[in-house]
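Trainee: Below: one structure in structure tokens.
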Amino acid sequence: MTGSKHLQGHWLLAKLGKRVLRPGGRKLTTWMVETANPSGKRVVELAPGLGLTAAQILERHPQSYIGVDEDDHAVETTQKAVGNQGKVIAAKAEATGLEANSADLIIGEAMLTMQGEKGKAAIISEAWRILAPGGQYAIHELALRPDDVAEETAEDLRKALARSIRVNARPLTVAEWTKLFESQGFKVTSVRTAPMGLLDPKQMIADEGPRVARILFNLLRNPEARARVLDMRRTFTKHADNLAAVSLICEKQELTFQPPADDRGEELRGFDVLVDAPSPIEGDAPAVKRLATADGVNLIAVNFKAGQVLDDHRCAHPITVQCLRGEVTFQAGDHHETLTPGRIAHLPAQITHRVEAKEDSIFLLSMLTSEG
């Protein structure tokens, strides 16, 4: 097997014949799918890889299935596994191009771990955008443990993983995963952890069954690949006390803010929207970033490239949209407003609308959550 020395760890294992590439194995994936319950739901799977989880999802008869992967080989492999029961598209997880509020359940495994802080936030923000209110985001990722693990220990582990699996993995503690999702507008409703047993012999037998013999045969005849796998296993074993697999089920929230009962002057906050707005992204849809969840309002910055569209969608609360840069067309039914810097539009709740950028543009969306 040529090129084994530089392959990312998960692709090396896949080439050797390993099919279950998730840190908690098939058992934790099954718990995640069963707990999220895809039956009758519009399901989106991010980075489906070899299509094994897609098969579990489809066994539970979702209303629809869409896989999203930026790797062409993974798209082809998963589409073969899915057949005519769904479709798989080539797109980035942080810019799927899917419509807002178009999914009831998003599933992603062993993907967020491989992202830095900004990458994680961008993907979770995109998931929040395409999920319908009350929709769920289910993940299966690598975790650090315990929650109070020393930062020096965590950093040493991350460096060891990067050297071993050739990916700049950035696992978080369970508490950090929870905080991340809550900061992005989700409520964590279920959590389960498991040993990180990707190369544990017992887990491999449980995950792969008779295929273990084929994997061992491929290892024996490929010294370079064998050296890489043994190095990976030594890394996992050395850091076993601080490594785990985790699955979280997270529910999209209509965000609220509970003010403290004491002096509230400290709640005064200012925002530079043009500075804090997300970076523009490729694809048909713009970049979206939640700036704040405050008393009576959610502040959301949207950064368009020329021609990008927020297609037909509705908001659960009244909104205002203020253009800060460029030019966008805000349309509701047969009525439209051209927004340029200094112009603002208001729309009551639950009215279908769309926004199209005529040029590179940034606007501030204020979702008015107060009932009064």
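Chain labels run A, B, ... following the order of the structure tokens; each chain numbers its residues from 1, and ligands are numbered from 1 in the order shown.
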Name the residues in contact with range 266-274 of chain A at a cut-off of 10 Å, using only C-alpha atoms, excluding same-chain residues fewer than 2 positions from it; report them as a ChimeraX atom specification.
Mentor: /A:259-260,263-264,276-278,291-292,294-295,299-303,324-325,362-364
Trainee: List the spatial neighbours of Thr189 in chain A as a ChimeraX atom specification - criterion: any atom at most 12 Å away, only C-alpha atoms, same-chain residues fewer than 3 positions off excluded.
Mentor: /A:32,35-36,134-138,178,181-182,186,192,247-253
Trainee: Would you mind exporting the chosen residues as a PDB file, in the first residue's frame, restricted to N, CA, C and O atoms?
Mentor:
ATOM      1  N   MET A  32     -26.846   6.622  19.399  1.00  0.00           N
ATOM      2  CA  MET A  32     -27.128   7.956  18.886  1.00  0.00           C
ATOM      3  C   MET A  32     -28.320   7.944  17.929  1.00  0.00           C
ATOM      4  O   MET A  32     -29.241   8.764  18.049  1.00  0.00           O
ATOM      5  N   THR A  35     -31.589   7.113  19.784  1.00  0.00           N
ATOM      6  CA  THR A  35     -32.037   8.200  20.659  1.00  0.00           C
ATOM      7  C   THR A  35     -32.573   9.373  19.852  1.00  0.00           C
ATOM      8  O   THR A  35     -33.581   9.987  20.210  1.00  0.00           O
ATOM      9  N   ALA A  36     -31.920   9.685  18.745  1.00  0.00           N
ATOM     10  CA  ALA A  36     -32.388  10.784  17.887  1.00  0.00           C
ATOM     11  C   ALA A  36     -33.650  10.399  17.114  1.00  0.00           C
ATOM     12  O   ALA A  36     -34.429  11.263  16.731  1.00  0.00           O
ATOM     13  N   GLY A 134     -36.949  23.311  16.983  1.00  0.00           N
ATOM     14  CA  GLY A 134     -37.109  22.059  17.707  1.00  0.00           C
ATOM     15  C   GLY A 134     -36.372  20.885  17.102  1.00  0.00           C
ATOM     16  O   GLY A 134     -36.375  19.779  17.662  1.00  0.00           O
ATOM     17  N   GLY A 135     -35.716  21.099  15.948  1.00  0.00           N
ATOM     18  CA  GLY A 135     -34.958  20.025  15.309  1.00  0.00           C
ATOM     19  C   GLY A 135     -33.745  19.630  16.135  1.00  0.00           C
ATOM     20  O   GLY A 135     -33.317  20.348  17.049  1.00  0.00           O
ATOM     21  N   GLN A 136     -33.153  18.481  15.806  1.00  0.00           N
ATOM     22  CA  GLN A 136     -32.054  17.935  16.594  1.00  0.00           C
ATOM     23  C   GLN A 136     -30.776  17.808  15.775  1.00  0.00           C
ATOM     24  O   GLN A 136     -30.812  17.515  14.573  1.00  0.00           O
ATOM     25  N   TYR A 137     -29.650  18.010  16.443  1.00  0.00           N
ATOM     26  CA  TYR A 137     -28.324  17.772  15.876  1.00  0.00           C
ATOM     27  C   TYR A 137     -27.670  16.715  16.760  1.00  0.00           C
ATOM     28  O   TYR A 137     -27.432  16.945  17.951  1.00  0.00           O
ATOM     29  N   ALA A 138     -27.394  15.551  16.184  1.00  0.00           N
ATOM     30  CA  ALA A 138     -26.797  14.435  16.923  1.00  0.00           C
ATOM     31  C   ALA A 138     -25.363  14.244  16.454  1.00  0.00           C
ATOM     32  O   ALA A 138     -25.108  14.143  15.257  1.00  0.00           O
ATOM     33  N   THR A 178     -20.617  20.596  25.399  1.00  0.00           N
ATOM     34  CA  THR A 178     -21.930  21.097  25.817  1.00  0.00           C
ATOM     35  C   THR A 178     -21.974  22.620  25.742  1.00  0.00           C
ATOM     36  O   THR A 178     -22.934  23.200  25.203  1.00  0.00           O
ATOM     37  N   PHE A 181     -22.200  23.918  22.062  1.00  0.00           N
ATOM     38  CA  PHE A 181     -23.524  23.818  21.449  1.00  0.00           C
ATOM     39  C   PHE A 181     -24.508  24.804  22.077  1.00  0.00           C
ATOM     40  O   PHE A 181     -25.326  25.410  21.364  1.00  0.00           O
ATOM     41  N   GLU A 182     -24.434  24.985  23.375  1.00  0.00           N
ATOM     42  CA  GLU A 182     -25.341  25.933  24.020  1.00  0.00           C
ATOM     43  C   GLU A 182     -25.062  27.361  23.564  1.00  0.00           C
ATOM     44  O   GLU A 182     -25.988  28.169  23.424  1.00  0.00           O
ATOM     45  N   PHE A 186     -28.317  25.774  20.942  1.00  0.00           N
ATOM     46  CA  PHE A 186     -28.834  24.425  21.141  1.00  0.00           C
ATOM     47  C   PHE A 186     -28.947  24.111  22.629  1.00  0.00           C
ATOM     48  O   PHE A 186     -28.223  24.683  23.454  1.00  0.00           O
ATOM     49  N   ARG A 192     -24.009  10.516  26.047  1.00  0.00           N
ATOM     50  CA  ARG A 192     -23.459   9.212  26.423  1.00  0.00           C
ATOM     51  C   ARG A 192     -21.986   9.177  26.039  1.00  0.00           C
ATOM     52  O   ARG A 192     -21.605   9.626  24.952  1.00  0.00           O
ATOM     53  N   SER A 247     -21.289  11.019  22.520  1.00  0.00           N
ATOM     54  CA  SER A 247     -22.410  11.355  21.642  1.00  0.00           C
ATOM     55  C   SER A 247     -23.321  12.317  22.376  1.00  0.00           C
ATOM     56  O   SER A 247     -23.663  12.105  23.543  1.00  0.00           O
ATOM     57  N   LEU A 248     -23.689  13.389  21.694  1.00  0.00           N
ATOM     58  CA  LEU A 248     -24.614  14.387  22.230  1.00  0.00           C
ATOM     59  C   LEU A 248     -25.818  14.498  21.303  1.00  0.00           C
ATOM     60  O   LEU A 248     -25.654  14.504  20.073  1.00  0.00           O
ATOM     61  N   ILE A 249     -26.997  14.581  21.881  1.00  0.00           N
ATOM     62  CA  ILE A 249     -28.206  14.906  21.139  1.00  0.00           C
ATOM     63  C   ILE A 249     -28.582  16.321  21.542  1.00  0.00           C
ATOM     64  O   ILE A 249     -28.813  16.600  22.725  1.00  0.00           O
ATOM     65  N   CYS A 250     -28.644  17.230  20.566  1.00  0.00           N
ATOM     66  CA  CYS A 250     -28.835  18.651  20.850  1.00  0.00           C
ATOM     67  C   CYS A 250     -30.071  19.157  20.119  1.00  0.00           C
ATOM     68  O   CYS A 250     -30.269  18.845  18.944  1.00  0.00           O
ATOM     69  N   GLU A 251     -30.865  19.952  20.810  1.00  0.00           N
ATOM     70  CA  GLU A 251     -32.123  20.454  20.251  1.00  0.00           C
ATOM     71  C   GLU A 251     -32.016  21.943  19.955  1.00  0.00           C
ATOM     72  O   GLU A 251     -31.572  22.731  20.790  1.00  0.00           O
ATOM     73  N   LYS A 252     -32.421  22.325  18.742  1.00  0.00           N
ATOM     74  CA  LYS A 252     -32.416  23.743  18.364  1.00  0.00           C
ATOM     75  C   LYS A 252     -33.409  24.505  19.225  1.00  0.00           C
ATOM     76  O   LYS A 252     -34.554  24.110  19.385  1.00  0.00           O
ATOM     77  N   GLN A 253     -32.931  25.627  19.771  1.00  0.00           N
ATOM     78  CA  GLN A 253     -33.761  26.410  20.675  1.00  0.00           C
ATOM     79  C   GLN A 253     -34.175  27.736  20.057  1.00  0.00           C
ATOM     80  O   GLN A 253     -33.442  28.333  19.265  1.00  0.00           O
TER      81      GLN A 253
END
Trainee: If you run DSSP on the backbone, which residues of range 56-286 of chain A are strand (DSSP E), as a PDB file with N, CA, C and O atoms, in the first residue's frame?
Mentor:
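So result_27.pdb came out as:
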ATOM      1  N   SER A  64     -37.105  11.683   4.610  1.00  0.00           N
ATOM      2  CA  SER A  64     -36.143  11.900   3.531  1.00  0.00           C
ATOM      3  C   SER A  64     -34.737  11.809   4.101  1.00  0.00           C
ATOM      4  O   SER A  64     -34.532  11.928   5.311  1.00  0.00           O
ATOM      5  N   TYR A  65     -33.767  11.582   3.208  1.00  0.00           N
ATOM      6  CA  TYR A  65     -32.364  11.504   3.617  1.00  0.00           C
ATOM      7  C   TYR A  65     -31.518  12.268   2.608  1.00  0.00           C
ATOM      8  O   TYR A  65     -31.623  12.051   1.390  1.00  0.00           O
ATOM      9  N   ILE A  66     -30.664  13.162   3.118  1.00  0.00           N
ATOM     10  CA  ILE A  66     -29.668  13.856   2.305  1.00  0.00           C
ATOM     11  C   ILE A  66     -28.324  13.718   3.000  1.00  0.00           C
ATOM     12  O   ILE A  66     -28.181  14.061   4.180  1.00  0.00           O
ATOM     13  N   GLY A  67     -27.329  13.195   2.290  1.00  0.00           N
ATOM     14  CA  GLY A  67     -25.964  13.171   2.784  1.00  0.00           C
ATOM     15  C   GLY A  67     -25.188  14.338   2.191  1.00  0.00           C
ATOM     16  O   GLY A  67     -25.408  14.704   1.028  1.00  0.00           O
ATOM     17  N   VAL A  68     -24.296  14.921   2.971  1.00  0.00           N
ATOM     18  CA  VAL A  68     -23.495  16.060   2.525  1.00  0.00           C
ATOM     19  C   VAL A  68     -22.029  15.753   2.807  1.00  0.00           C
ATOM     20  O   VAL A  68     -21.644  15.560   3.961  1.00  0.00           O
ATOM     21  N   ASP A  69     -21.210  15.697   1.759  1.00  0.00           N
ATOM     22  CA  ASP A  69     -19.786  15.416   1.934  1.00  0.00           C
ATOM     23  C   ASP A  69     -19.009  16.161   0.866  1.00  0.00           C
ATOM     24  O   ASP A  69     -19.436  16.215  -0.294  1.00  0.00           O
ATOM     25  N   LYS A  87     -30.475  11.004  -1.334  1.00  0.00           N
ATOM     26  CA  LYS A  87     -29.460  11.555  -2.228  1.00  0.00           C
ATOM     27  C   LYS A  87     -28.273  12.057  -1.417  1.00  0.00           C
ATOM     28  O   LYS A  87     -28.407  12.390  -0.233  1.00  0.00           O
ATOM     29  N   VAL A  88     -27.120  12.105  -2.072  1.00  0.00           N
ATOM     30  CA  VAL A  88     -25.897  12.570  -1.446  1.00  0.00           C
ATOM     31  C   VAL A  88     -25.325  13.669  -2.326  1.00  0.00           C
ATOM     32  O   VAL A  88     -25.176  13.485  -3.537  1.00  0.00           O
ATOM     33  N   ILE A  89     -25.035  14.826  -1.729  1.00  0.00           N
ATOM     34  CA  ILE A  89     -24.552  15.968  -2.486  1.00  0.00           C
ATOM     35  C   ILE A  89     -23.133  16.327  -2.070  1.00  0.00           C
ATOM     36  O   ILE A  89     -22.713  16.057  -0.953  1.00  0.00           O
ATOM     37  N   ALA A  90     -22.405  16.906  -2.998  1.00  0.00           N
ATOM     38  CA  ALA A  90     -21.043  17.368  -2.722  1.00  0.00           C
ATOM     39  C   ALA A  90     -21.099  18.813  -2.253  1.00  0.00           C
ATOM     40  O   ALA A  90     -21.459  19.716  -3.019  1.00  0.00           O
ATOM     41  N   ALA A 103     -34.659  20.739   7.665  1.00  0.00           N
ATOM     42  CA  ALA A 103     -34.316  19.434   8.248  1.00  0.00           C
ATOM     43  C   ALA A 103     -34.874  19.327   9.662  1.00  0.00           C
ATOM     44  O   ALA A 103     -35.003  20.323  10.378  1.00  0.00           O
ATOM     45  N   ASP A 104     -35.215  18.104  10.051  1.00  0.00           N
ATOM     46  CA  ASP A 104     -35.660  17.821  11.414  1.00  0.00           C
ATOM     47  C   ASP A 104     -34.556  17.197  12.254  1.00  0.00           C
ATOM     48  O   ASP A 104     -34.596  17.265  13.480  1.00  0.00           O
ATOM     49  N   LEU A 105     -33.594  16.573  11.586  1.00  0.00           N
ATOM     50  CA  LEU A 105     -32.508  15.888  12.296  1.00  0.00           C
ATOM     51  C   LEU A 105     -31.238  15.966  11.456  1.00  0.00           C
ATOM     52  O   LEU A 105     -31.253  15.651  10.263  1.00  0.00           O
ATOM     53  N   ILE A 106     -30.151  16.399  12.081  1.00  0.00           N
ATOM     54  CA  ILE A 106     -28.828  16.391  11.453  1.00  0.00           C
ATOM     55  C   ILE A 106     -27.949  15.444  12.253  1.00  0.00           C
ATOM     56  O   ILE A 106     -27.947  15.470  13.488  1.00  0.00           O
ATOM     57  N   ILE A 107     -27.223  14.606  11.546  1.00  0.00           N
ATOM     58  CA  ILE A 107     -26.311  13.654  12.186  1.00  0.00           C
ATOM     59  C   ILE A 107     -24.907  13.876  11.633  1.00  0.00           C
ATOM     60  O   ILE A 107     -24.722  14.020  10.417  1.00  0.00           O
ATOM     61  N   GLY A 108     -23.927  13.920  12.533  1.00  0.00           N
ATOM     62  CA  GLY A 108     -22.541  14.067  12.113  1.00  0.00           C
ATOM     63  C   GLY A 108     -21.632  13.301  13.058  1.00  0.00           C
ATOM     64  O   GLY A 108     -21.817  13.356  14.272  1.00  0.00           O
ATOM     65  N   GLU A 109     -20.653  12.607  12.496  1.00  0.00           N
ATOM     66  CA  GLU A 109     -19.755  11.792  13.316  1.00  0.00           C
ATOM     67  C   GLU A 109     -18.299  12.029  12.927  1.00  0.00           C
ATOM     68  O   GLU A 109     -17.963  12.124  11.746  1.00  0.00           O
ATOM     69  N   LEU A 131     -31.869  23.568  10.368  1.00  0.00           N
ATOM     70  CA  LEU A 131     -32.817  22.822  11.195  1.00  0.00           C
ATOM     71  C   LEU A 131     -34.098  23.624  11.409  1.00  0.00           C
ATOM     72  O   LEU A 131     -34.066  24.834  11.617  1.00  0.00           O
ATOM     73  N   ALA A 132     -35.219  22.928  11.374  1.00  0.00           N
ATOM     74  CA  ALA A 132     -36.488  23.533  11.751  1.00  0.00           C
ATOM     75  C   ALA A 132     -36.497  23.760  13.263  1.00  0.00           C
ATOM     76  O   ALA A 132     -35.763  23.094  14.001  1.00  0.00           O
ATOM     77  N   PRO A 133     -37.320  24.697  13.759  1.00  0.00           N
ATOM     78  CA  PRO A 133     -37.414  24.897  15.212  1.00  0.00           C
ATOM     79  C   PRO A 133     -37.710  23.583  15.926  1.00  0.00           C
ATOM     80  O   PRO A 133     -38.581  22.821  15.522  1.00  0.00           O
ATOM     81  N   GLY A 134     -36.949  23.311  16.983  1.00  0.00           N
ATOM     82  CA  GLY A 134     -37.109  22.059  17.707  1.00  0.00           C
ATOM     83  C   GLY A 134     -36.372  20.885  17.102  1.00  0.00           C
ATOM     84  O   GLY A 134     -36.375  19.779  17.662  1.00  0.00           O
ATOM     85  N   GLY A 135     -35.716  21.099  15.948  1.00  0.00           N
ATOM     86  CA  GLY A 135     -34.958  20.025  15.309  1.00  0.00           C
ATOM     87  C   GLY A 135     -33.745  19.630  16.135  1.00  0.00           C
ATOM     88  O   GLY A 135     -33.317  20.348  17.049  1.00  0.00           O
ATOM     89  N   GLN A 136     -33.153  18.481  15.806  1.00  0.00           N
ATOM     90  CA  GLN A 136     -32.054  17.935  16.594  1.00  0.00           C
ATOM     91  C   GLN A 136     -30.776  17.808  15.775  1.00  0.00           C
ATOM     92  O   GLN A 136     -30.812  17.515  14.573  1.00  0.00           O
ATOM     93  N   TYR A 137     -29.650  18.010  16.443  1.00  0.00           N
ATOM     94  CA  TYR A 137     -28.324  17.772  15.876  1.00  0.00           C
ATOM     95  C   TYR A 137     -27.670  16.715  16.760  1.00  0.00           C
ATOM     96  O   TYR A 137     -27.432  16.945  17.951  1.00  0.00           O
ATOM     97  N   ALA A 138     -27.394  15.551  16.184  1.00  0.00           N
ATOM     98  CA  ALA A 138     -26.797  14.435  16.923  1.00  0.00           C
ATOM     99  C   ALA A 138     -25.363  14.244  16.454  1.00  0.00           C
ATOM    100  O   ALA A 138     -25.108  14.143  15.257  1.00  0.00           O
ATOM    101  N   ILE A 139     -24.429  14.186  17.414  1.00  0.00           N
ATOM    102  CA  ILE A 139     -23.019  14.026  17.057  1.00  0.00           C
ATOM    103  C   ILE A 139     -22.411  12.833  17.786  1.00  0.00           C
ATOM    104  O   ILE A 139     -22.896  12.402  18.828  1.00  0.00           O
ATOM    105  N   HIS A 140     -21.338  12.310  17.214  1.00  0.00           N
ATOM    106  CA  HIS A 140     -20.527  11.233  17.797  1.00  0.00           C
ATOM    107  C   HIS A 140     -19.081  11.651  17.537  1.00  0.00           C
ATOM    108  O   HIS A 140     -18.630  11.645  16.386  1.00  0.00           O
ATOM    109  N   GLU A 141     -18.378  12.060  18.593  1.00  0.00           N
ATOM    110  CA  GLU A 141     -17.070  12.672  18.432  1.00  0.00           C
ATOM    111  C   GLU A 141     -16.082  12.144  19.469  1.00  0.00           C
ATOM    112  O   GLU A 141     -16.434  11.389  20.378  1.00  0.00           O
ATOM    113  N   LEU A 142     -14.849  12.599  19.330  1.00  0.00           N
ATOM    114  CA  LEU A 142     -13.797  12.291  20.292  1.00  0.00           C
ATOM    115  C   LEU A 142     -13.867  13.302  21.428  1.00  0.00           C
ATOM    116  O   LEU A 142     -14.166  14.484  21.212  1.00  0.00           O
ATOM    117  N   ALA A 143     -13.612  12.847  22.653  1.00  0.00           N
ATOM    118  CA  ALA A 143     -13.677  13.729  23.820  1.00  0.00           C
ATOM    119  C   ALA A 143     -12.436  13.574  24.685  1.00  0.00           C
ATOM    120  O   ALA A 143     -11.806  12.517  24.723  1.00  0.00           O
ATOM    121  N   LEU A 144     -12.119  14.656  25.378  1.00  0.00           N
ATOM    122  CA  LEU A 144     -11.104  14.629  26.422  1.00  0.00           C
ATOM    123  C   LEU A 144     -11.783  14.354  27.764  1.00  0.00           C
ATOM    124  O   LEU A 144     -12.938  14.721  27.973  1.00  0.00           O
ATOM    125  N   LEU A 172     -12.688  18.018  22.525  1.00  0.00           N
ATOM    126  CA  LEU A 172     -13.071  18.830  23.680  1.00  0.00           C
ATOM    127  C   LEU A 172     -13.538  17.919  24.805  1.00  0.00           C
ATOM    128  O   LEU A 172     -13.888  16.763  24.576  1.00  0.00           O
ATOM    129  N   THR A 173     -13.569  18.447  26.003  1.00  0.00           N
ATOM    130  CA  THR A 173     -14.201  17.701  27.091  1.00  0.00           C
ATOM    131  C   THR A 173     -15.709  17.702  26.877  1.00  0.00           C
ATOM    132  O   THR A 173     -16.246  18.498  26.097  1.00  0.00           O
ATOM    133  N   PHE A 186     -28.317  25.774  20.942  1.00  0.00           N
ATOM    134  CA  PHE A 186     -28.834  24.425  21.141  1.00  0.00           C
ATOM    135  C   PHE A 186     -28.947  24.111  22.629  1.00  0.00           C
ATOM    136  O   PHE A 186     -28.223  24.683  23.454  1.00  0.00           O
ATOM    137  N   LYS A 187     -29.815  23.182  22.952  1.00  0.00           N
ATOM    138  CA  LYS A 187     -29.897  22.616  24.288  1.00  0.00           C
ATOM    139  C   LYS A 187     -29.509  21.142  24.196  1.00  0.00           C
ATOM    140  O   LYS A 187     -30.068  20.398  23.396  1.00  0.00           O
ATOM    141  N   VAL A 188     -28.536  20.727  25.003  1.00  0.00           N
ATOM    142  CA  VAL A 188     -28.103  19.329  25.006  1.00  0.00           C
ATOM    143  C   VAL A 188     -29.103  18.521  25.829  1.00  0.00           C
ATOM    144  O   VAL A 188     -29.285  18.757  27.025  1.00  0.00           O
ATOM    145  N   THR A 189     -29.774  17.567  25.177  1.00  0.00           N
ATOM    146  CA  THR A 189     -30.835  16.804  25.844  1.00  0.00           C
ATOM    147  C   THR A 189     -30.387  15.410  26.267  1.00  0.00           C
ATOM    148  O   THR A 189     -30.982  14.826  27.176  1.00  0.00           O
ATOM    149  N   SER A 190     -29.371  14.847  25.610  1.00  0.00           N
ATOM    150  CA  SER A 190     -28.880  13.513  25.975  1.00  0.00           C
ATOM    151  C   SER A 190     -27.380  13.436  25.715  1.00  0.00           C
ATOM    152  O   SER A 190     -26.891  13.988  24.726  1.00  0.00           O
ATOM    153  N   VAL A 191     -26.673  12.741  26.608  1.00  0.00           N
ATOM    154  CA  VAL A 191     -25.224  12.560  26.470  1.00  0.00           C
ATOM    155  C   VAL A 191     -24.880  11.120  26.830  1.00  0.00           C
ATOM    156  O   VAL A 191     -25.407  10.562  27.803  1.00  0.00           O
ATOM    157  N   ARG A 192     -24.009  10.516  26.047  1.00  0.00           N
ATOM    158  CA  ARG A 192     -23.459   9.212  26.423  1.00  0.00           C
ATOM    159  C   ARG A 192     -21.986   9.177  26.039  1.00  0.00           C
ATOM    160  O   ARG A 192     -21.605   9.626  24.952  1.00  0.00           O
ATOM    161  N   THR A 193     -21.168   8.644  26.923  1.00  0.00           N
ATOM    162  CA  THR A 193     -19.747   8.467  26.642  1.00  0.00           C
ATOM    163  C   THR A 193     -19.424   6.982  26.550  1.00  0.00           C
ATOM    164  O   THR A 193     -20.160   6.127  27.041  1.00  0.00           O
ATOM    165  N   ALA A 194     -18.296   6.700  25.911  1.00  0.00           N
ATOM    166  CA  ALA A 194     -17.825   5.318  25.747  1.00  0.00           C
ATOM    167  C   ALA A 194     -16.307   5.352  25.630  1.00  0.00           C
ATOM    168  O   ALA A 194     -15.728   6.400  25.334  1.00  0.00           O
ATOM    169  N   PRO A 195     -15.655   4.224  25.869  1.00  0.00           N
ATOM    170  CA  PRO A 195     -14.202   4.186  25.669  1.00  0.00           C
ATOM    171  C   PRO A 195     -13.848   4.494  24.214  1.00  0.00           C
ATOM    172  O   PRO A 195     -14.615   4.196  23.298  1.00  0.00           O
ATOM    173  N   LEU A 243      -8.775  10.017  26.968  1.00  0.00           N
ATOM    174  CA  LEU A 243      -9.520   9.948  25.710  1.00  0.00           C
ATOM    175  C   LEU A 243     -10.816   9.175  25.898  1.00  0.00           C
ATOM    176  O   LEU A 243     -10.859   8.171  26.612  1.00  0.00           O
ATOM    177  N   ALA A 244     -11.867   9.635  25.240  1.00  0.00           N
ATOM    178  CA  ALA A 244     -13.149   8.931  25.268  1.00  0.00           C
ATOM    179  C   ALA A 244     -13.898   9.262  23.988  1.00  0.00           C
ATOM    180  O   ALA A 244     -13.511  10.155  23.229  1.00  0.00           O
ATOM    181  N   ALA A 245     -14.959   8.529  23.747  1.00  0.00           N
ATOM    182  CA  ALA A 245     -15.908   8.869  22.690  1.00  0.00           C
ATOM    183  C   ALA A 245     -17.145   9.456  23.354  1.00  0.00           C
ATOM    184  O   ALA A 245     -17.492   9.079  24.474  1.00  0.00           O
ATOM    185  N   VAL A 246     -17.805  10.382  22.677  1.00  0.00           N
ATOM    186  CA  VAL A 246     -19.000  10.998  23.246  1.00  0.00           C
ATOM    187  C   VAL A 246     -20.044  11.195  22.150  1.00  0.00           C
ATOM    188  O   VAL A 246     -19.704  11.471  20.995  1.00  0.00           O
ATOM    189  N   SER A 247     -21.289  11.019  22.520  1.00  0.00           N
ATOM    190  CA  SER A 247     -22.410  11.355  21.642  1.00  0.00           C
ATOM    191  C   SER A 247     -23.321  12.317  22.376  1.00  0.00           C
ATOM    192  O   SER A 247     -23.663  12.105  23.543  1.00  0.00           O
ATOM    193  N   LEU A 248     -23.689  13.389  21.694  1.00  0.00           N
ATOM    194  CA  LEU A 248     -24.614  14.387  22.230  1.00  0.00           C
ATOM    195  C   LEU A 248     -25.818  14.498  21.303  1.00  0.00           C
ATOM    196  O   LEU A 248     -25.654  14.504  20.073  1.00  0.00           O
ATOM    197  N   ILE A 249     -26.997  14.581  21.881  1.00  0.00           N
ATOM    198  CA  ILE A 249     -28.206  14.906  21.139  1.00  0.00           C
ATOM    199  C   ILE A 249     -28.582  16.321  21.542  1.00  0.00           C
ATOM    200  O   ILE A 249     -28.813  16.600  22.725  1.00  0.00           O
ATOM    201  N   CYS A 250     -28.644  17.230  20.566  1.00  0.00           N
ATOM    202  CA  CYS A 250     -28.835  18.651  20.850  1.00  0.00           C
ATOM    203  C   CYS A 250     -30.071  19.157  20.119  1.00  0.00           C
ATOM    204  O   CYS A 250     -30.269  18.845  18.944  1.00  0.00           O
ATOM    205  N   GLU A 251     -30.865  19.952  20.810  1.00  0.00           N
ATOM    206  CA  GLU A 251     -32.123  20.454  20.251  1.00  0.00           C
ATOM    207  C   GLU A 251     -32.016  21.943  19.955  1.00  0.00           C
ATOM    208  O   GLU A 251     -31.572  22.731  20.790  1.00  0.00           O
ATOM    209  N   LYS A 252     -32.421  22.325  18.742  1.00  0.00           N
ATOM    210  CA  LYS A 252     -32.416  23.743  18.364  1.00  0.00           C
ATOM    211  C   LYS A 252     -33.409  24.505  19.225  1.00  0.00           C
ATOM    212  O   LYS A 252     -34.554  24.110  19.385  1.00  0.00           O
TER     213      LYS A 252
END
Trainee: Considering only C-alpha atoms, can you say which of A:Lys80, A:Ala175, A:Pro146, A:Arg228 comes closest to Leu13 in chain A?
Mentor: A:Arg228
Trainee: Which residues in range 35-222 of chain A does DSSP call alpha helix (DSSP H)? List them as a PyMOL selection string.
Mentor: chain A and resi 35-36+52-59+72-82+117-130+151-165+174-183+201-208+211-220
Trainee: For Gly197 in chain A, list every protein, DNA or RNA residue within 8 Å, evaluated using only C-alpha atoms, and leave out those in the same chain fewer than 3 positions away; present the list as a list in words.
Mentor: Pro23, Gly24, Gly25, Asp200, Gln203 and Met204 of chain A
Trainee: In terms of the shortest atom-to-atom distance over only C-alpha atoms, which of A:Gly333, A:Gln115, A:Glu126, A:Pro318 is closest to Gln350 in chain A?
Mentor: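 Distance minimum relative to Gln350 in chain A lands on A:Pro318.
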Trainee: If we count only C-alpha atoms, what is near range 230-241 of chain A at a cut-off of 8 Å, once residues fewer than 3 positions away on the same chain are taken out, given as a VMD selection string?
Mentor: chain A and resid 9 145 157 160 to 161 164 to 165 196 199 226 to 227 244
Trainee: As an exercise, work out the distance from CA of Asp312 in chain A to CA of Pro38 in chain A in Å and give it to one decimal place.
Mentor: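 Separating CA of Asp312 in chain A from CA of Pro38 in chain A is a distance of 24.6 Å.
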